[in-house]
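Printed here is start-v3.cif (mmCIF, C-alpha atoms):
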```
data_final
loop_
_atom_site.label_atom_id
_atom_site.label_comp_id
_atom_site.auth_asym_id
_atom_site.auth_seq_id
_atom_site.Cartn_x
_atom_site.Cartn_y
_atom_site.Cartn_z
CA MET A 1 58.06 110.67 112.37
CA LEU A 2 60.46 113.34 112.91
CA LEU A 3 61.31 116.23 114.87
CA THR A 4 59.56 117.60 117.74
CA ILE A 5 61.90 120.50 118.19
CA ALA A 6 60.09 122.76 120.57
CA ALA A 7 60.64 126.40 119.82
CA SER A 8 62.48 128.33 122.44
CA PRO A 9 60.03 130.44 124.44
CA ASP A 10 62.36 133.37 123.88
CA ALA A 11 62.30 133.02 120.13
CA VAL A 12 59.79 135.71 119.35
CA ALA A 13 57.97 135.27 116.08
CA ARG A 14 58.95 137.82 113.47
CA SER A 15 57.35 138.87 110.30
CA LEU A 16 59.24 137.07 107.54
CA ASP A 17 58.72 137.07 103.82
CA THR A 18 58.10 133.38 103.07
CA LYS A 19 56.42 133.71 99.68
CA GLY A 20 59.54 132.59 97.88
CA LEU A 21 60.08 129.45 99.96
CA ARG A 22 60.21 126.22 98.06
CA PRO A 23 57.40 123.82 99.04
CA ASP A 24 57.57 120.98 101.57
CA HIS A 25 58.95 117.61 100.53
CA PRO A 26 57.18 114.28 100.76
CA GLN A 27 59.08 112.20 103.28
CA THR A 28 60.76 109.73 100.96
CA ARG A 29 64.29 109.64 102.37
CA ALA A 30 65.37 107.26 105.08
CA GLU A 31 65.49 108.35 108.70
CA MET A 32 68.71 108.15 110.67
CA ASP A 33 69.48 107.70 114.32
CA GLU A 34 71.97 110.52 114.46
CA LEU A 35 73.17 113.48 112.47
CA ARG A 36 76.83 112.74 113.14
CA PRO A 37 78.42 111.90 109.77
CA LEU A 38 79.64 108.38 109.16
CA TYR A 39 83.28 109.53 109.27
CA PHE A 40 83.06 110.34 112.93
CA ARG A 41 81.25 107.20 114.10
CA GLU A 42 83.24 104.57 115.95
CA GLN A 43 82.16 101.66 113.73
CA PHE A 44 83.29 103.37 110.55
CA LEU A 45 86.57 104.49 112.11
CA ALA A 46 87.19 100.89 113.23
CA VAL A 47 86.47 99.44 109.76
CA SER A 48 88.63 101.97 107.93
CA SER A 49 91.46 101.67 110.48
CA VAL A 50 91.52 97.87 110.13
CA LEU A 51 91.54 98.20 106.34
CA ALA A 52 94.34 100.77 106.46
CA LEU A 53 96.36 98.56 108.81
CA LEU A 54 95.86 95.51 106.58
CA LEU A 55 96.94 97.40 103.49
CA ALA A 56 99.91 98.98 105.26
CA GLY A 57 100.94 95.55 106.54
CA SER A 58 100.66 94.00 103.08
CA TRP A 59 102.61 96.84 101.54
CA PHE A 60 105.31 96.52 104.18
CA GLY A 61 105.45 92.76 103.51
CA VAL A 62 105.79 93.29 99.77
CA ARG A 63 108.51 95.88 100.28
CA ARG A 64 110.36 93.60 102.66
CA ARG A 65 110.18 90.79 100.14
CA GLY A 66 111.44 93.16 97.47
CA ALA A 67 114.34 94.22 99.70
CA MET A 68 115.23 90.55 100.17
CA GLY A 69 115.47 90.13 96.41
CA GLY A 70 111.84 89.47 95.70
CA VAL A 71 112.23 85.73 95.66
CA SER A 72 109.53 83.12 96.02
CA LYS A 73 109.55 80.57 98.81
CA ALA A 74 110.65 77.81 96.41
CA THR A 75 113.61 79.91 95.25
CA GLU A 76 114.44 80.79 98.83
CA ARG A 77 114.51 77.09 99.67
CA VAL A 78 116.83 76.32 96.73
CA LEU A 79 119.13 79.19 97.72
CA ARG A 80 119.23 77.94 101.29
CA GLN A 81 120.14 74.43 100.08
CA LEU A 82 122.87 75.87 97.84
CA ASP A 83 124.20 77.95 100.71
CA ALA A 84 124.30 74.90 102.97
CA ALA A 85 126.09 72.84 100.31
CA ALA A 86 128.60 75.66 99.75
CA ARG A 87 129.30 75.99 103.47
CA ALA A 88 129.81 72.22 103.72
CA GLY A 89 132.06 72.30 100.63
CA GLU A 90 129.90 69.70 98.86
CA SER A 91 130.53 70.56 95.23
CA ALA A 92 128.56 67.63 93.81
CA SER A 93 125.46 68.45 95.76
CA PHE A 94 125.86 72.19 95.05
CA PHE A 95 126.04 71.74 91.28
CA GLU A 96 123.30 69.16 91.18
CA ILE A 97 120.87 71.46 93.00
CA ALA A 98 121.98 74.47 90.93
CA GLN A 99 121.65 72.68 87.59
CA HIS A 100 118.22 71.29 88.43
CA ALA A 101 116.93 74.63 89.73
CA LEU A 102 118.29 76.60 86.77
CA LEU A 103 116.87 74.19 84.19
CA GLU A 104 113.46 74.40 85.87
CA ALA A 105 113.70 78.18 86.09
CA PHE A 106 114.66 78.67 82.42
CA ALA A 107 111.96 76.24 81.31
CA ARG A 108 109.40 78.22 83.28
CA ARG A 109 110.69 81.57 82.07
CA TRP A 110 110.79 80.55 78.40
CA ARG A 111 107.74 78.27 78.60
CA ILE A 112 109.55 75.23 77.22
CA ALA A 113 110.30 71.77 78.59
CA PRO A 114 113.46 71.54 80.79
CA ASP A 115 115.10 69.12 78.34
CA LYS A 116 114.75 71.74 75.59
CA VAL A 117 117.05 74.12 77.48
CA THR A 118 120.07 73.48 75.27
CA SER A 119 123.35 75.36 74.95
CA VAL A 120 122.05 76.92 71.71
CA GLU A 121 118.97 78.13 73.54
CA LEU A 122 121.08 79.48 76.42
CA GLN A 123 123.39 81.44 74.16
CA ALA A 124 120.57 82.73 72.01
CA ARG A 125 118.56 83.98 74.95
CA LEU A 126 121.22 84.96 77.51
CA GLY A 127 124.30 85.82 75.42
CA SER A 128 127.48 85.91 77.51
CA THR A 129 125.58 84.90 80.64
CA GLY A 130 124.46 81.82 78.73
CA GLU A 131 128.10 80.84 78.30
CA GLU A 132 128.65 81.06 82.05
CA ILE A 133 125.57 78.94 82.67
CA GLU A 134 126.92 76.42 80.19
CA ARG A 135 130.20 76.36 82.10
CA LEU A 136 128.27 75.75 85.30
CA PHE A 137 126.43 72.83 83.70
CA ALA A 138 129.75 71.44 82.43
CA LEU A 139 131.25 71.70 85.91
CA ALA A 140 128.18 69.94 87.29
CA ASP A 141 128.83 66.99 84.94
CA GLU A 142 132.52 67.04 85.74
CA THR A 143 131.89 67.04 89.47
CA ARG A 144 129.38 64.25 89.14
CA TYR A 145 131.82 61.96 87.32
CA SER A 146 135.31 63.07 88.40
CA GLY A 147 134.86 64.25 91.97
CA TYR A 148 135.93 67.85 91.17
CA GLU A 149 136.09 69.99 94.34
CA MET A 150 135.67 73.76 94.27
CA ALA A 151 137.30 76.47 96.41
CA ALA A 152 135.12 78.51 98.81
CA ALA A 153 135.52 81.68 96.70
CA ASP A 154 134.24 79.87 93.60
CA PHE A 155 131.11 78.85 95.47
CA GLN A 156 130.39 82.50 96.16
CA SER A 157 130.86 83.63 92.57
CA TRP A 158 128.58 80.86 91.31
CA MET A 159 126.03 81.75 93.98
CA VAL A 160 125.84 85.32 92.66
CA LEU A 161 125.13 84.08 89.13
CA ILE A 162 122.59 81.48 90.25
CA ARG A 163 120.77 83.91 92.51
CA SER A 164 120.50 86.54 89.78
CA GLN A 165 119.03 84.02 87.33
CA LEU A 166 116.58 82.48 89.79
CA THR A 167 115.29 85.82 91.11
CA ARG A 168 114.83 87.09 87.56
CA VAL A 169 112.33 84.29 87.01
CA ASP A 170 110.44 85.27 90.18
CA ASN A 171 110.15 88.89 89.12
CA MET B 1 84.74 118.77 121.51
CA LEU B 2 81.11 118.81 120.54
CA LEU B 3 79.14 121.33 122.45
CA MET B 4 75.56 120.95 123.45
CA VAL B 5 74.00 124.33 123.32
CA GLY B 6 70.55 125.76 122.97
CA CYS B 7 68.94 123.98 125.87
CA ALA B 8 65.52 125.34 124.95
CA VAL B 9 65.50 123.23 121.78
CA ALA B 10 64.45 119.60 122.28
CA GLN B 11 66.46 117.10 120.23
CA PRO B 12 64.64 114.68 117.96
CA THR B 13 65.24 110.95 118.16
CA ARG B 14 65.25 110.35 114.39
CA TYR B 15 66.50 112.53 111.57
CA SER B 16 65.66 112.72 107.89
CA ALA B 17 66.57 115.36 105.35
CA ASP B 18 62.95 115.74 104.25
CA GLY B 19 61.65 116.01 107.81
CA LEU B 20 64.25 118.61 108.77
CA TYR B 21 63.57 120.57 105.59
CA ASN B 22 59.82 120.58 106.20
CA GLN B 23 60.43 121.59 109.79
CA GLY B 24 62.59 124.48 108.56
CA ASN B 25 59.71 125.59 106.34
CA SER B 26 57.32 125.41 109.29
CA TYR B 27 59.59 127.56 111.44
CA ALA B 28 60.03 130.03 108.60
CA ARG B 29 56.26 130.37 108.18
CA ALA B 30 55.95 130.78 111.97
CA GLY B 31 58.39 133.70 111.82
CA LYS B 32 61.30 131.95 113.56
CA PRO B 33 64.26 132.36 111.20
CA GLY B 34 66.82 131.07 113.71
CA LEU B 35 65.13 127.73 114.16
CA ALA B 36 64.37 127.59 110.44
CA VAL B 37 68.05 128.07 109.54
CA LEU B 38 69.04 125.50 112.18
CA SER B 39 66.70 122.92 110.64
CA TYR B 40 67.88 123.67 107.10
CA GLU B 41 71.53 123.44 108.20
CA ARG B 42 70.84 120.02 109.71
CA ALA B 43 68.94 118.91 106.62
CA ALA B 44 71.89 120.04 104.48
CA LEU B 45 74.20 117.81 106.50
CA LEU B 46 72.17 114.79 105.41
CA ALA B 47 71.48 115.95 101.84
CA PRO B 48 74.09 118.50 100.78
CA ASP B 49 73.11 118.11 97.12
CA ASP B 50 69.47 119.09 97.69
CA GLY B 51 68.80 122.35 95.86
CA ASP B 52 65.60 123.12 97.76
CA ILE B 53 67.34 123.03 101.14
CA ARG B 54 70.09 125.34 99.91
CA ALA B 55 67.60 127.69 98.25
CA ASN B 56 65.35 128.02 101.30
CA LEU B 57 68.34 128.44 103.60
CA GLU B 58 69.57 131.36 101.53
CA TYR B 59 66.08 132.76 101.16
CA ILE B 60 65.43 132.83 104.90
CA ARG B 61 68.85 134.30 105.62
CA ALA B 62 68.13 137.04 103.12
CA SER B 63 64.66 137.64 104.63
CA ALA B 64 66.19 137.86 108.11
CA HIS B 65 68.91 140.23 106.77
CA VAL B 66 71.70 137.84 107.72
CA PRO B 67 74.71 138.03 105.41
CA ILE B 68 75.13 135.04 103.11
CA GLU B 69 78.66 133.82 102.75
CA PRO B 70 79.32 132.48 99.24
CA SER B 71 80.95 129.07 99.38
CA GLY B 72 84.24 128.56 97.52
CA ARG B 73 84.82 126.11 94.69
CA PHE B 74 86.65 123.70 97.01
CA ALA B 75 83.72 123.67 99.44
CA ARG B 76 81.24 123.19 96.60
CA ILE B 77 83.13 120.20 95.17
CA ALA B 78 83.83 118.60 98.56
CA GLY B 79 80.30 119.23 99.79
CA ALA B 80 78.51 118.05 96.68
CA VAL B 81 78.73 114.41 97.72
CA ARG B 82 76.64 112.99 100.54
CA PRO B 83 78.82 112.34 103.59
CA THR B 84 77.92 108.65 103.80
CA LEU B 85 78.71 108.09 100.13
CA ALA B 86 81.93 110.12 100.44
CA ALA B 87 82.99 108.05 103.46
CA TRP B 88 82.56 104.76 101.59
CA LEU B 89 84.21 106.19 98.48
CA GLY B 90 87.17 106.97 100.73
CA VAL B 91 87.29 103.34 101.84
CA VAL B 92 87.15 102.19 98.20
CA GLY B 93 89.93 104.67 97.43
CA MET B 94 92.08 103.24 100.23
CA ALA B 95 91.48 99.74 98.88
CA LEU B 96 92.46 100.83 95.35
CA ILE B 97 95.67 102.47 96.58
CA GLY B 98 96.51 99.46 98.72
CA THR B 99 95.84 96.96 95.94
CA GLY B 100 97.90 99.04 93.53
CA LEU B 101 100.84 99.16 95.93
CA VAL B 102 100.65 95.50 96.89
CA ALA B 103 100.19 94.05 93.39
CA THR B 104 103.72 94.11 92.05
CA LYS B 105 103.59 91.60 89.22
CA GLY B 106 102.21 91.88 85.74
CA GLY B 107 102.90 93.21 82.29
CA LEU B 108 102.74 96.72 80.91
CA TRP B 109 98.94 96.83 80.78
CA ILE B 110 98.64 95.62 84.34
CA ARG B 111 101.10 98.34 85.43
CA TRP B 112 99.02 101.00 83.71
CA ILE B 113 95.88 99.68 85.38
CA ARG B 114 97.70 99.68 88.73
CA ALA B 115 98.87 103.26 88.24
CA GLY B 116 95.35 104.30 87.23
CA GLY B 117 93.92 102.56 90.29
CA ILE B 118 96.36 104.34 92.60
CA VAL B 119 95.55 107.74 91.06
CA ALA B 120 91.78 107.10 91.20
CA GLY B 121 92.13 105.84 94.78
CA ALA B 122 94.08 108.93 95.79
CA ALA B 123 91.39 111.14 94.23
CA LEU B 124 88.64 109.32 96.14
CA VAL B 125 90.55 109.54 99.42
CA ALA B 126 91.17 113.27 98.80
CA LEU B 127 87.45 113.79 98.16
CA ALA B 128 86.55 111.93 101.35
CA ILE B 129 89.09 113.86 103.44
CA SER B 130 87.89 117.21 102.02
CA ASN B 131 84.28 116.26 102.72
CA ALA B 132 85.17 115.20 106.27
CA MET B 133 87.09 118.45 106.86
CA LEU B 134 84.11 120.45 105.66
CA LEU B 135 81.80 118.52 107.97
CA TRP B 136 84.20 118.84 110.87
CA THR B 137 83.89 122.62 110.60
CA ARG B 138 80.10 122.44 110.42
CA MET B 139 79.96 120.07 113.37
CA HIS B 140 81.24 122.95 115.47
CA GLU B 141 78.84 125.55 114.17
CA ALA B 142 75.72 126.85 115.85
CA VAL B 143 72.83 129.08 114.86
CA VAL B 144 71.67 132.08 116.85
CA VAL B 145 68.03 131.38 117.70
CA ILE B 146 67.23 134.58 119.64
CA ASN B 147 67.22 137.94 117.91
CA ASN B 148 69.64 140.61 119.14
CA THR B 149 71.68 138.15 121.18
CA PRO B 150 74.41 140.02 123.06
CA ALA B 151 77.93 138.70 122.68
CA ARG B 152 79.74 139.62 125.86
CA VAL B 153 83.39 140.19 126.61
CA SER B 154 83.27 137.73 129.53
CA PRO B 155 81.12 134.68 130.37
CA VAL B 156 78.94 136.40 132.96
CA PRO B 157 75.41 137.79 132.57
CA MET B 158 76.54 141.27 133.53
CA GLY B 159 79.55 141.28 131.21
CA ASP B 160 79.90 144.19 128.81
CA THR B 161 78.34 143.64 125.41
CA ALA B 162 80.95 143.52 122.67
CA PHE B 163 78.48 143.25 119.78
CA VAL B 164 74.98 142.01 119.05
CA LEU B 165 74.13 138.97 116.94
CA PRO B 166 71.07 138.84 114.71
CA GLU B 167 68.81 135.79 114.82
CA ALA B 168 69.67 133.12 112.20
CA GLU B 169 73.36 133.99 112.04
CA THR B 170 75.63 130.96 111.93
CA VAL B 171 78.66 131.09 114.23
CA SER B 172 81.49 128.77 115.24
CA ILE B 173 81.74 127.58 118.82
CA THR B 174 85.27 127.55 120.12
CA ALA B 175 84.90 127.08 123.90
CA ALA B 176 82.37 126.76 126.70
CA TYR B 177 82.23 128.01 130.27
CA GLY B 178 79.26 127.55 132.57
CA ASP B 179 76.12 128.78 130.86
CA PHE B 180 78.09 130.55 128.16
CA VAL B 181 79.83 129.55 124.94
CA LEU B 182 82.57 131.44 123.18
CA ILE B 183 81.54 132.04 119.60
CA ARG B 184 83.30 133.40 116.56
CA THR B 185 81.36 135.05 113.77
CA ARG B 186 82.22 134.58 110.11
CA ASP B 187 83.76 138.04 110.02
CA GLY B 188 86.11 137.11 112.86
CA HIS B 189 84.50 138.69 115.93
CA SER B 190 84.51 136.67 119.16
CA GLY B 191 82.35 136.94 122.24
CA TRP B 192 80.59 134.99 124.99
CA VAL B 193 76.97 134.12 124.35
CA ALA B 194 74.40 132.49 126.64
CA ARG B 195 73.97 128.82 125.74
CA ALA B 196 70.21 129.22 125.50
CA ASN B 197 70.58 131.76 122.69
CA VAL B 198 72.38 129.48 120.24
CA SER B 199 71.76 125.93 119.07
CA ALA B 200 74.44 123.58 117.71
CA VAL B 201 73.99 122.37 114.14
CA MET B 202 75.23 118.96 115.27
CA PRO B 203 73.29 117.97 118.37
CA ARG B 204 74.99 115.58 120.76
CA SER B 205 73.55 112.10 120.18
#
```
Conversion result in structure tokens:
Amino acid sequence: MLLTIAASPDAVARSLDTKGLRPDHPQTRAEMDELRPLYFREQFLAVSSVLALLLAGSWFGVRRRGAMGGVSKATERVLRQLDAAARAGESASFFEIAQHALLEAFARRWRIAPDKVTSVELQARLGSTGEEIERLFALADETRYSGYEMAAADFQSWMVLIRSQLTRVDN
Amino acid sequence: MLLMVGCAVAQPTRYSADGLYNQGNSYARAGKPGLAVLSYERAALLAPDDGDIRANLEYIRASAHVPIEPSGRFARIAGAVRPTLAAWLGVVGMALIGTGLVATKGGLWIRWIRAGGIVAGAALVALAISNAMLLWTRMHEAVVVINNTPARVSPVPMGDTAFVLPEAETVSITAAYGDFVLIRTRDGHSGWVARANVSAVMPRS
């Protein structure tokens, strides 16, 4: 059923040419409760606002993560451990964590087993950076067996190298 | 602000494009072009792509000697989609843009797909916004249902007549005061009209 719009009593009937009118339609389309378009209904505004907020929040989160270096939680944990070891001046622990994390990272990046990450592989894939990584691995062995202790400034320079390699895997 | 005008016209409880269209035809055959145009305008809100509604609307306006304003290309594109569909397309567009912005990983192909998704999403959102803007304008329109309706310079029955409106003319409502509404015609004239002489395209629910 539809429309019982009562004509205004003042609306005087006029003589209109209606010969060219297109014919009536069979009532096949669904009826609606109101003419107000979906855009301006509260339910739709609520749904689209929640969606917009969710997307804006996710985007903000992604950007924030990108600003922090775009690192995964696992990498963040490793970097925190390295930072703690550096602050405590524990060279052995620092190198052990760094070596393990880098081997895992390279293996994942190059899709090979960690024990296949050799010095040849490092130099072939990373060039001069590979040589620095090799030096880091050598220092790790040296520290493990000879009790080598590093200066605070050296920790920081190694941290820069390790961070750049680990975050490259994440991205 | 949505104005309720045209108190002589009872509001239906349910709406359908076909019912409104048929009602417009009935009013036209009964010699009531104002009410016919009102019904067609309402039907067009629900089914903007229906050629019969558009054709009869223009036919009755021509029969009643009311000027027909040609719609621009922008209005035709934005109004070609049904409002409900356009609204959901806008939501899909937002989701595409959001997914494209949030998904940061992947190879070259994935980046191309992301970029394509963002562009497509932006296009859908633009379509939805244009459609909503078009509807927003029409939500504030009304049809003159009484022939030779005086538009007065002030909202009082004895106010001087600024100009006279023909029945079936579509006007914009910009303000209300007492039993009068301030209308603006498509050619830019403004005046106060008795509420009973015009009926809003979008009735208050």
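The two atoms in question, atom CA of Val92 of chain B and atom CA of Arg64 of chain A, are spaced 25.1 Å apart.
Atom CA of Pro166 of chain B is positioned 15.0 Å from atom CA of Glu69 of chain B.
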Handout entry: Point-to-point distance in Å for atom CA of Thr84 of chain B and atom CA of Ala43 of chain B
Key = 13.9 Å
Exercise for the section: Report as JSON, numbers by chain the full result of the PyMOL selection byres ((chain B and resi 132-149) around 6) when it is applied to this structure. Expected result: {"A": [11], "B": [34, 35, 38, 129, 130, 131, 150, 164, 165, 166, 167, 168, 169, 170, 171, 172, 173, 197, 198, 199, 200, 201, 202]}
Handout entry: Resolved residues for the PyMOL selection byres ((chain B and resi 50-66) around 10) as number ranges by chain
Key = A: 14-25; B: 17-18, 20-22, 24-25, 28, 31-34, 36-44, 46-49, 67-69, 80, 82, 147, 165-170
Handout entry: Within 7 Å of segment 80-91 of chain A using all atoms listed in the file, minus same-chain residues under 3 positions, as a PyMOL selection string
Key = chain A and resi 76-77+94-95+97+143+149-150+155
Handout entry: Ground truth for the PyMOL selection byres ((chain B and resi 15) around 6), written as a list in words
Key = Glu31 and Met32 of chain A; Arg14 and Ser16 of chain B
Practice task
Please tell me which residues are no farther than 6 Å from (126.5, 80.1, 76.0) in the file, counting all atoms listed in the file, and write them as an NGL selection string.
Solution key: :A and (119 or 122-123 or 130-131 or 134)
Practice task
Could you tell me which of B:Ala151, B:Ala196, B:Ile113, B:Ala176 comes closest to chain A if we count only C-alpha atoms?
Solution key: B:Ala196
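With all atoms listed in the file as the basis for measurement, A:Arg41 is the residue among A:Arg41, A:Arg144, A:Arg109, A:Lys116 that approaches chain B most closely.
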